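File shown: coords14.txt (compact mmCIF, C-alpha atoms).
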```
# COMPACT_ATOMS: atom_id res chain seq x y z
CA MET A 1 -15.68 19.51 -10.26
CA SER A 2 -12.51 19.63 -8.16
CA THR A 3 -12.02 16.85 -5.63
CA ALA A 4 -8.93 18.24 -3.91
CA PHE A 5 -9.09 19.37 -0.32
CA SER A 6 -7.68 22.56 1.10
CA GLY A 7 -5.48 22.21 4.13
CA ASP A 8 -8.22 23.37 6.52
CA GLU A 9 -10.95 20.99 5.34
CA PRO A 10 -11.60 17.64 7.02
CA MET A 11 -10.44 14.69 4.97
CA GLY A 12 -11.06 10.97 5.28
CA PRO A 13 -11.59 10.80 9.07
CA ALA A 14 -14.49 13.28 9.08
CA ARG A 15 -16.13 11.33 6.28
CA ARG A 16 -15.91 8.22 8.44
CA ARG A 17 -17.78 9.75 11.37
CA GLY A 18 -21.46 10.40 11.94
CA PRO A 19 -24.49 8.69 10.39
CA LEU A 20 -24.13 6.47 7.34
CA ARG A 21 -24.52 8.50 4.12
CA PRO A 22 -25.07 7.71 0.44
CA GLY A 23 -21.72 6.88 -1.17
CA ASP A 24 -20.23 5.54 2.08
CA LYS A 25 -18.38 2.27 1.79
CA VAL A 26 -19.44 -0.20 4.48
CA GLN A 27 -18.30 -3.64 5.47
CA VAL A 28 -21.25 -6.03 5.68
CA THR A 29 -20.83 -9.21 7.73
CA ASP A 30 -23.38 -11.81 6.65
CA PRO A 31 -24.92 -14.48 8.93
CA LYS A 32 -22.05 -16.89 8.10
CA GLY A 33 -19.40 -14.33 9.07
CA ARG A 34 -18.29 -13.59 5.52
CA LEU A 35 -17.24 -10.01 4.77
CA HIS A 36 -18.53 -7.93 1.86
CA THR A 37 -17.65 -4.35 0.84
CA VAL A 38 -20.75 -2.43 -0.23
CA THR A 39 -21.31 1.18 -1.36
CA LEU A 40 -24.56 2.55 0.09
CA VAL A 41 -27.08 4.09 -2.30
CA PRO A 42 -30.71 5.15 -1.66
CA GLY A 43 -33.03 2.33 -2.69
CA GLY A 44 -30.12 -0.11 -3.02
CA ARG A 45 -30.21 -3.73 -1.93
CA PHE A 46 -27.48 -6.15 -0.86
CA GLN A 47 -28.69 -9.61 -1.79
CA THR A 48 -27.22 -12.98 -0.88
CA ASN A 49 -28.57 -16.51 -0.50
CA ARG A 50 -28.55 -15.82 3.24
CA GLY A 51 -30.91 -12.86 3.08
CA THR A 52 -31.38 -9.38 1.66
CA LEU A 53 -30.32 -6.11 3.25
CA ASP A 54 -32.00 -2.88 2.11
CA HIS A 55 -29.62 0.08 2.11
CA ASP A 56 -32.43 2.35 3.30
CA ASP A 57 -32.53 0.37 6.56
CA VAL A 58 -29.12 1.76 7.54
CA LEU A 59 -28.83 5.09 5.68
CA GLY A 60 -29.05 8.00 8.11
CA LYS A 61 -28.40 5.78 11.11
CA PRO A 62 -25.26 5.60 13.29
CA ASP A 63 -22.30 3.51 12.21
CA GLY A 64 -22.16 -0.06 13.48
CA GLN A 65 -25.71 -1.26 12.79
CA VAL A 66 -26.96 -4.83 13.25
CA VAL A 67 -29.99 -5.30 11.02
CA GLU A 68 -32.45 -8.18 11.30
CA VAL A 69 -33.92 -9.22 7.95
CA ALA A 70 -37.18 -11.01 7.15
CA ASP A 71 -36.12 -14.55 8.09
CA GLY A 72 -34.64 -13.50 11.43
CA LYS A 73 -31.03 -13.54 10.28
CA THR A 74 -28.83 -10.53 11.00
CA PHE A 75 -26.30 -8.47 9.05
CA GLN A 76 -23.67 -6.28 10.69
CA VAL A 77 -22.99 -3.00 8.85
CA ILE A 78 -19.96 -0.89 9.78
CA ARG A 79 -17.55 1.44 7.99
CA PRO A 80 -14.33 -0.39 7.06
CA LEU A 81 -10.95 0.35 8.56
CA LEU A 82 -8.08 1.21 6.24
CA SER A 83 -6.82 -2.34 6.68
CA ASP A 84 -10.19 -3.68 5.52
CA TYR A 85 -10.23 -1.34 2.52
CA THR A 86 -6.66 -2.32 1.62
CA LEU A 87 -7.51 -6.00 1.43
CA SER A 88 -10.63 -5.39 -0.67
CA MET A 89 -9.38 -2.64 -3.02
CA PRO A 90 -9.13 -3.33 -6.76
CA ARG A 91 -5.53 -4.19 -7.49
CA GLY A 92 -3.33 -4.38 -10.52
CA ALA A 93 -0.05 -4.92 -8.69
CA ALA A 94 0.32 -6.90 -5.48
CA ILE A 95 -0.46 -4.79 -2.43
CA ILE A 96 1.66 -4.21 0.66
CA TYR A 97 -0.38 -5.98 3.34
CA PRO A 98 -1.58 -4.07 6.42
CA LYS A 99 0.85 -5.93 8.69
CA ASP A 100 3.77 -4.61 6.64
CA ALA A 101 2.28 -1.15 6.02
CA GLY A 102 1.85 -0.68 9.77
CA GLN A 103 5.48 -1.60 10.39
CA ILE A 104 6.66 0.68 7.58
CA VAL A 105 4.83 3.63 9.13
CA GLN A 106 6.28 2.80 12.56
CA PHE A 107 9.86 1.74 11.71
CA ALA A 108 10.33 4.48 9.11
CA ASP A 109 8.88 6.92 11.68
CA ILE A 110 6.40 8.57 9.31
CA PHE A 111 5.33 11.61 11.31
CA PRO A 112 2.80 14.42 10.69
CA GLY A 113 4.42 16.93 8.34
CA ALA A 114 7.09 14.51 7.09
CA ARG A 115 8.46 14.78 3.56
CA VAL A 116 8.37 11.28 2.11
CA LEU A 117 9.54 9.94 -1.25
CA GLU A 118 7.90 6.66 -2.26
CA SER A 119 8.64 4.60 -5.37
CA GLY A 120 6.70 1.57 -6.51
CA VAL A 121 3.12 2.71 -5.89
CA GLY A 122 1.42 -0.47 -7.07
CA SER A 123 -2.30 -0.30 -6.26
CA GLY A 124 -1.98 2.54 -3.72
CA ALA A 125 -2.29 0.54 -0.49
CA LEU A 126 0.87 1.89 1.14
CA SER A 127 0.26 5.40 -0.24
CA ALA A 128 -3.01 5.61 1.70
CA SER A 129 -1.24 4.63 4.94
CA LEU A 130 1.59 7.10 4.35
CA LEU A 131 -0.84 9.94 3.60
CA SER A 132 -2.77 9.19 6.79
CA ALA A 133 0.51 9.47 8.71
CA VAL A 134 1.95 12.65 7.11
CA GLY A 135 -1.38 14.49 7.34
CA PRO A 136 -2.46 17.49 5.24
CA TYR A 137 0.71 19.49 5.93
CA GLY A 138 3.25 16.81 5.04
CA HIS A 139 4.29 15.80 1.55
CA LEU A 140 4.21 12.39 -0.11
CA HIS A 141 5.90 12.23 -3.51
CA SER A 142 4.96 8.90 -5.11
CA VAL A 143 6.82 7.78 -8.23
CA GLU A 144 5.42 4.93 -10.36
CA ILE A 145 6.92 3.89 -13.69
CA ARG A 146 3.77 2.18 -15.02
CA GLU A 147 1.01 4.59 -15.99
CA GLU A 148 -1.77 2.02 -15.54
CA PHE A 149 -0.64 1.23 -11.99
CA ALA A 150 -0.52 4.95 -11.18
CA ALA A 151 -4.09 5.43 -12.48
CA ILE A 152 -5.42 2.51 -10.39
CA ALA A 153 -3.58 3.75 -7.30
CA GLN A 154 -4.88 7.30 -7.78
CA ALA A 155 -8.50 6.13 -7.97
CA ASN A 156 -8.12 3.78 -4.99
CA VAL A 157 -6.57 6.47 -2.79
CA ASP A 158 -9.06 9.13 -3.90
CA LEU A 159 -11.95 6.82 -3.06
CA TRP A 160 -10.57 6.17 0.41
CA PHE A 161 -10.08 9.85 1.29
CA GLY A 162 -13.12 11.07 -0.61
CA GLY A 163 -10.99 13.27 -2.88
CA ARG A 164 -7.41 14.16 -3.71
CA HIS A 165 -5.24 14.38 -0.60
CA PRO A 166 -3.53 17.80 -0.45
CA ALA A 167 -0.18 16.29 0.54
CA TRP A 168 0.03 13.88 -2.41
CA GLU A 169 2.11 14.28 -5.55
CA LEU A 170 1.84 11.29 -7.91
CA GLN A 171 4.38 11.19 -10.74
CA VAL A 172 4.62 8.68 -13.59
CA ALA A 173 8.36 8.35 -14.15
CA ASP A 174 11.42 6.17 -13.73
CA ILE A 175 12.69 6.59 -10.18
CA GLY A 176 16.27 6.96 -11.42
CA VAL A 177 15.28 9.95 -13.54
CA ALA A 178 13.11 11.39 -10.77
CA LEU A 179 15.95 11.18 -8.23
CA GLU A 180 18.25 13.16 -10.54
CA GLN A 181 15.69 15.99 -10.66
CA ILE A 182 15.22 16.25 -6.88
CA GLU A 183 17.18 18.78 -4.84
CA PRO A 184 19.67 17.30 -2.35
CA GLN A 185 18.42 16.68 1.20
CA SER A 186 14.80 17.33 0.21
CA TYR A 187 13.22 14.38 2.02
CA ASP A 188 13.02 12.99 5.53
CA ARG A 189 12.13 9.46 4.44
CA VAL A 190 12.64 7.35 1.31
CA ILE A 191 10.63 4.16 0.81
CA PHE A 192 11.25 1.79 -2.11
CA ASP A 193 8.99 -1.07 -3.18
CA LEU A 194 11.04 -2.01 -6.24
CA LEU A 195 12.61 -5.05 -7.86
CA ASN A 196 16.09 -3.50 -7.62
CA PRO A 197 16.25 -0.90 -4.83
CA TRP A 198 20.03 -1.26 -4.53
CA ASP A 199 20.43 0.54 -7.86
CA PHE A 200 18.99 3.68 -6.27
CA VAL A 201 20.70 3.67 -2.86
CA ASP A 202 23.14 6.40 -3.91
CA GLY A 203 20.30 8.55 -5.25
CA ALA A 204 18.35 8.03 -2.03
CA ALA A 205 21.39 9.10 0.00
CA ARG A 206 21.61 12.34 -2.02
CA VAL A 207 17.98 13.38 -1.46
CA LEU A 208 17.76 12.32 2.21
CA GLU A 209 18.36 14.63 5.13
CA ALA A 210 21.09 13.55 7.55
CA GLY A 211 19.42 11.22 10.04
CA GLY A 212 16.67 10.39 7.54
CA VAL A 213 15.33 6.88 7.04
CA PHE A 214 15.78 4.60 4.05
CA LEU A 215 13.37 1.65 3.87
CA ALA A 216 13.13 -1.03 1.19
CA TYR A 217 10.36 -3.60 0.87
CA VAL A 218 11.37 -6.66 -1.17
CA ALA A 219 9.85 -10.07 -1.76
CA THR A 220 12.76 -12.51 -1.92
CA VAL A 221 15.97 -13.46 -0.08
CA PRO A 222 18.28 -12.51 -3.00
CA GLN A 223 16.75 -9.02 -3.13
CA MET A 224 17.09 -8.55 0.62
CA SER A 225 20.73 -9.69 0.58
CA ARG A 226 21.61 -7.44 -2.34
CA VAL A 227 20.10 -4.26 -0.87
CA VAL A 228 21.68 -4.89 2.56
CA GLU A 229 25.12 -5.34 0.99
CA LYS A 230 24.71 -2.20 -1.11
CA LEU A 231 23.73 -0.13 1.94
CA ARG A 232 26.81 -1.36 3.78
CA GLN A 233 29.11 -0.69 0.85
CA SER A 234 27.78 2.81 0.21
CA GLY A 235 29.28 4.30 3.37
CA GLU A 236 26.31 6.68 3.55
CA PHE A 237 24.05 4.70 5.88
CA SER A 238 23.99 3.06 9.27
CA ASN A 239 24.21 -0.72 9.44
CA PRO A 240 20.88 -1.92 7.98
CA TYR A 241 18.30 -3.88 9.93
CA SER A 242 16.23 -6.46 8.04
CA TRP A 243 13.32 -8.66 9.07
CA GLU A 244 10.03 -10.27 8.11
CA SER A 245 6.87 -10.76 10.13
CA THR A 246 4.05 -13.27 10.16
CA ILE A 247 0.58 -13.11 11.69
CA ARG A 248 -1.27 -16.13 13.04
CA SER A 249 -4.82 -15.57 14.22
CA TRP A 250 -6.54 -17.78 16.78
CA HIS A 251 -9.88 -19.54 16.88
CA VAL A 252 -11.53 -18.81 20.24
CA GLU A 253 -14.90 -20.44 20.84
CA GLY A 254 -15.72 -21.99 24.21
CA LEU A 255 -13.10 -24.62 25.03
CA SER A 256 -11.97 -24.72 21.40
CA VAL A 257 -9.02 -22.34 21.67
CA ARG A 258 -6.34 -23.02 19.07
CA PRO A 259 -4.43 -21.38 16.23
CA ASP A 260 -6.40 -20.91 13.03
CA HIS A 261 -5.54 -23.29 10.22
CA ARG A 262 -4.71 -20.39 7.90
CA MET A 263 -2.30 -17.52 8.51
CA VAL A 264 -0.68 -14.57 6.78
CA ALA A 265 2.86 -15.87 6.50
CA HIS A 266 5.64 -14.45 4.33
CA THR A 267 4.68 -11.38 2.34
CA GLY A 268 7.99 -9.53 2.12
CA PHE A 269 11.20 -8.41 3.82
CA LEU A 270 11.75 -4.93 5.23
CA VAL A 271 15.21 -3.34 5.28
CA VAL A 272 15.81 -0.11 7.22
CA ALA A 273 18.89 2.10 7.50
CA ARG A 274 19.57 5.69 8.66
CA ARG A 275 21.26 8.34 6.55
CA LEU A 276 24.58 9.32 8.08
CA ALA A 277 25.96 12.84 7.93
CA PRO A 278 27.78 13.40 4.61
CA GLY A 279 31.49 12.71 4.79
CA THR A 280 31.44 10.77 8.07
CA GLY A 281 32.44 7.36 6.63
CA ASN A 282 31.40 3.90 7.73
CA HIS A 283 30.84 2.99 11.35
CA GLU A 284 33.05 -0.06 11.77
CA LEU A 285 31.50 -2.80 13.88
CA VAL A 286 33.63 -4.82 16.29
CA SER A 287 32.02 -8.14 15.39
CA ARG A 288 33.80 -10.29 12.81
CA PRO A 289 32.12 -12.16 9.95
CA ALA A 290 32.01 -15.93 9.95
CA PRO A 291 35.24 -17.40 8.56
CA ALA A 292 33.42 -18.83 5.54
CA ALA A 293 32.10 -15.37 4.64
CA GLU A 294 35.18 -13.27 5.34
CA GLY A 295 36.42 -11.32 2.36
CA LYS A 296 33.49 -12.28 0.17
CA GLY A 297 30.92 -10.01 -1.42
CA GLY A 298 27.20 -10.47 -1.64
CA GLU A 299 25.92 -13.86 -2.78
CA TRP A 300 23.99 -12.36 -5.70
CA ASP A 301 26.34 -9.57 -6.76
CA GLY A 302 26.89 -11.19 -10.16
CA VAL A 303 23.20 -11.44 -11.08
CA THR A 304 22.28 -8.96 -13.81
CA GLU A 305 18.66 -9.85 -14.63
CA TRP A 306 16.09 -8.90 -12.01
CA SER A 307 12.49 -9.26 -13.13
CA GLU A 308 9.14 -10.54 -11.85
CA GLU A 309 9.68 -13.67 -13.93
CA THR A 310 13.18 -14.53 -12.66
CA LEU A 311 12.11 -13.87 -9.07
CA GLY A 312 8.99 -15.99 -9.43
CA LEU A 313 6.62 -13.09 -8.75
CA ARG A 314 3.13 -12.69 -10.19
CA GLN A 315 3.03 -10.80 -13.48
CA PRO A 316 -0.17 -8.81 -14.06
CA ASN A 317 -2.14 -9.50 -17.22
CA ALA A 318 -2.34 -6.46 -19.53
CA LYS A 319 -5.97 -7.10 -20.49
CA LYS A 320 -7.00 -7.49 -16.86
CA LEU A 321 -5.15 -4.29 -15.95
CA ARG A 322 -7.02 -2.26 -18.57
CA ARG A 323 -10.38 -3.62 -17.41
CA LEU A 324 -9.50 -3.01 -13.75
CA ARG A 325 -8.38 0.54 -14.47
CA ARG A 326 -11.64 1.39 -16.27
CA ASP A 327 -13.64 -0.07 -13.37
CA VAL A 328 -11.87 1.74 -10.53
CA GLU A 329 -11.68 5.07 -12.43
CA SER A 330 -15.40 4.77 -13.15
CA ARG A 331 -16.10 4.31 -9.44
CA ALA A 332 -14.04 7.37 -8.61
CA ALA A 333 -15.82 9.38 -11.30
CA THR A 334 -19.22 8.29 -9.95
CA TRP A 335 -18.63 9.00 -6.27
CA LEU A 336 -16.20 11.90 -6.40
CA GLY A 337 -17.66 13.87 -9.31
CA LYS A 338 -14.58 13.51 -11.47
CA GLU A 339 -14.62 13.21 -15.24
CA ALA A 340 -13.67 9.71 -16.34
CA ASP A 341 -10.64 9.24 -18.56
CA GLU A 342 -12.36 8.94 -21.96
CA THR A 343 -9.29 7.39 -23.55
CA MET A 344 -9.32 4.48 -21.14
CA MET A 345 -13.12 4.23 -21.04
CA ASN A 346 -13.27 3.76 -24.81
CA GLU A 347 -10.24 1.49 -25.17
CA ASP A 348 -11.07 -2.08 -26.15
CA ASP A 349 -9.80 -5.18 -24.31
CA THR A 350 -7.69 -6.52 -27.17
CA ASP A 351 -4.26 -7.59 -25.98
CA ALA A 352 -1.37 -5.66 -27.45
```
Structure re-expressed in structure tokens:
Amino acid sequence: MSTAFSGDEPMGPARRRGPLRPGDKVQVTDPKGRLHTVTLVPGGRFQTNRGTLDHDDVLGKPDGQVVEVADGKTFQVIRPLLSDYTLSMPRGAAIIYPKDAGQIVQFADIFPGARVLESGVGSGALSASLLSAVGPYGHLHSVEIREEFAAIAQANVDLWFGGRHPAWELQVADIGVALEQIEPQSYDRVIFDLLNPWDFVDGAARVLEAGGVFLAYVATVPQMSRVVEKLRQSGEFSNPYSWESTIRSWHVEGLSVRPDHRMVAHTGFLVVARRLAPGTGNHELVSRPAPAAEGKGGEWDGVTEWSEETLGLRQPNAKKLRRLRRDVESRAATWLGKEADETMMNEDDTDA
């Protein structure tokens, strides 16, 4: 059974309107305010030590139900937002958090119909946001070097949209090889979530339209410094802009109005630059560097080994990845009518 959409069919948004249906994902808020992601099925039950919610009590009813259970406690049932789904999706690689994905869509100016090249797909969180922005008539070309990450991302994104998005091309390949195969000036935007995006700045310049946007998402200060210096040295881009953002929520209850004790602090740095017209040369800025920095290159130019381990980043466990992939592909097969990957379904959990 094909799960791809044609360009004229409604995609994710239409599936998120109207009464709650079997197979819909909902966000259940229990009496203590804890959030749970649940897939509705006829005859199903969501059971906690704070009460039991029967799926049949909400199926066929409008979105946004508040259901009172036997002991008088209430559960709120509502379809999740993409940000909710992102934070709860099965993940092999670390996700790009909603606060960063929202800024990527805005600062990279991802518009309906845009042609976007993305590398470093991870668990598919950013891909879902980019596909929502480009719409059915744009094109998102996602390149992921690890086949297991690509499989997890594919299932996660398919589950969110209810099928294969017509604008999505997912390729398992090395981004350096993929860039060599792409026609010059084929893309409006290039977005890299890689350990070493500076190695592919020249390739990005070749495939970007003049005026296009280059954006890199990196986790550490050395990576940010290295990609900024490479963009400046290339002569193909405008002076890059780099930043990070933090979110601090507030507790508001009566006279107790204060910042929450927990916050989403550093998740990554974003670096943005614009593709200049070929052959124009660097735009020389009037400002002078600090005397201590004048004439010096980047602080980490001499570093040759860039890996999750040297950067102190989390390294996914191979056994966990295989189990996660089987689980998320099984979900996609169940709800979207796809045939499960028998190779992965039958593979044991023995570490290589």
Which of A:Arg323, A:Arg189, A:Lys99, A:Arg248 sits closest to A:His261 [using only C-alpha atoms] =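 Residue with the minimum atom-to-atom distance to A:His261: A:Arg248.
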Using all atoms listed in the file: which of A:Phe214, A:Phe192, A:Trp168, A:Trp250 has the shortest distance to A:Gly135 |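 Closest candidate: A:Trp168.
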Which residues come within 9 Å of A:Asp199, counting only C-alpha atoms, excluding same-chain residues fewer than 4 positions away, as a list in words?
->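 Everything that qualifies: Gly176, Gly203, Val227 and Lys230 of chain A.
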Pick from A:Pro112, A:Pro240, A:Gly120, A:Pro98, whichever lies nearest to A:Ile191 using only C-alpha atoms =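 Counting only C-alpha atoms, the residue closest to A:Ile191 is A:Gly120.
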With distances taken over all atoms listed in the file, which of A:Thr334, A:Ser186, A:Thr39, A:Ser132 is nearest to A:Leu59?
-> A:Thr39
To one decimal in Å, tell me the separation between atom CA of A:Val116 and atom CA of A:Ala153.
->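 Separation of atom CA of A:Val116 and atom CA of A:Ala153: 17.0 Å.
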Pick from A:Thr220, A:Ser123, A:Gln233, A:Gln27, whichever lies nearest to A:Leu324 using all atoms listed in the file =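 Answer, going by the shortest atom-to-atom distance: A:Ser123.
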Which one of A:Leu81, A:Leu35, A:Leu53, A:Ala333 sits closest to A:Val66 if you count all atoms listed in the file?
->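 Of all the options, A:Leu53 lies closest to A:Val66.
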May I ask for the distance between atom CA of A:Arg326 and atom CA of A:Ser127, given in Å to one decimal place?
->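 Taking atom CA of A:Arg326 as the start and atom CA of A:Ser127 as the end point, the length is 20.4 Å.
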Go ahead and compute the interatomic distance for atom CA of A:Asp188 and atom CA of A:Glu148, in Å to one decimal.
-> 28.0 Å
List as a short mmCIF file (atom, residue, chain, number, x, y, z; two decimals) with C-alpha atoms, in the frame of the given file the residues having at least one atom at most 8 Å from position (0.1, -4.5, -5.5) as given in the file, counting only C-alpha atoms.
```
data_model
loop_
_atom_site.label_atom_id
_atom_site.label_comp_id
_atom_site.auth_asym_id
_atom_site.auth_seq_id
_atom_site.Cartn_x
_atom_site.Cartn_y
_atom_site.Cartn_z
CA ARG A 91 -5.53 -4.19 -7.49
CA GLY A 92 -3.33 -4.38 -10.52
CA ALA A 93 -0.05 -4.92 -8.69
CA ALA A 94 0.32 -6.90 -5.48
CA ILE A 95 -0.46 -4.79 -2.43
CA ILE A 96 1.66 -4.21 0.66
CA VAL A 121 3.12 2.71 -5.89
CA GLY A 122 1.42 -0.47 -7.07
CA SER A 123 -2.30 -0.30 -6.26
CA GLY A 124 -1.98 2.54 -3.72
CA ALA A 125 -2.29 0.54 -0.49
#
```
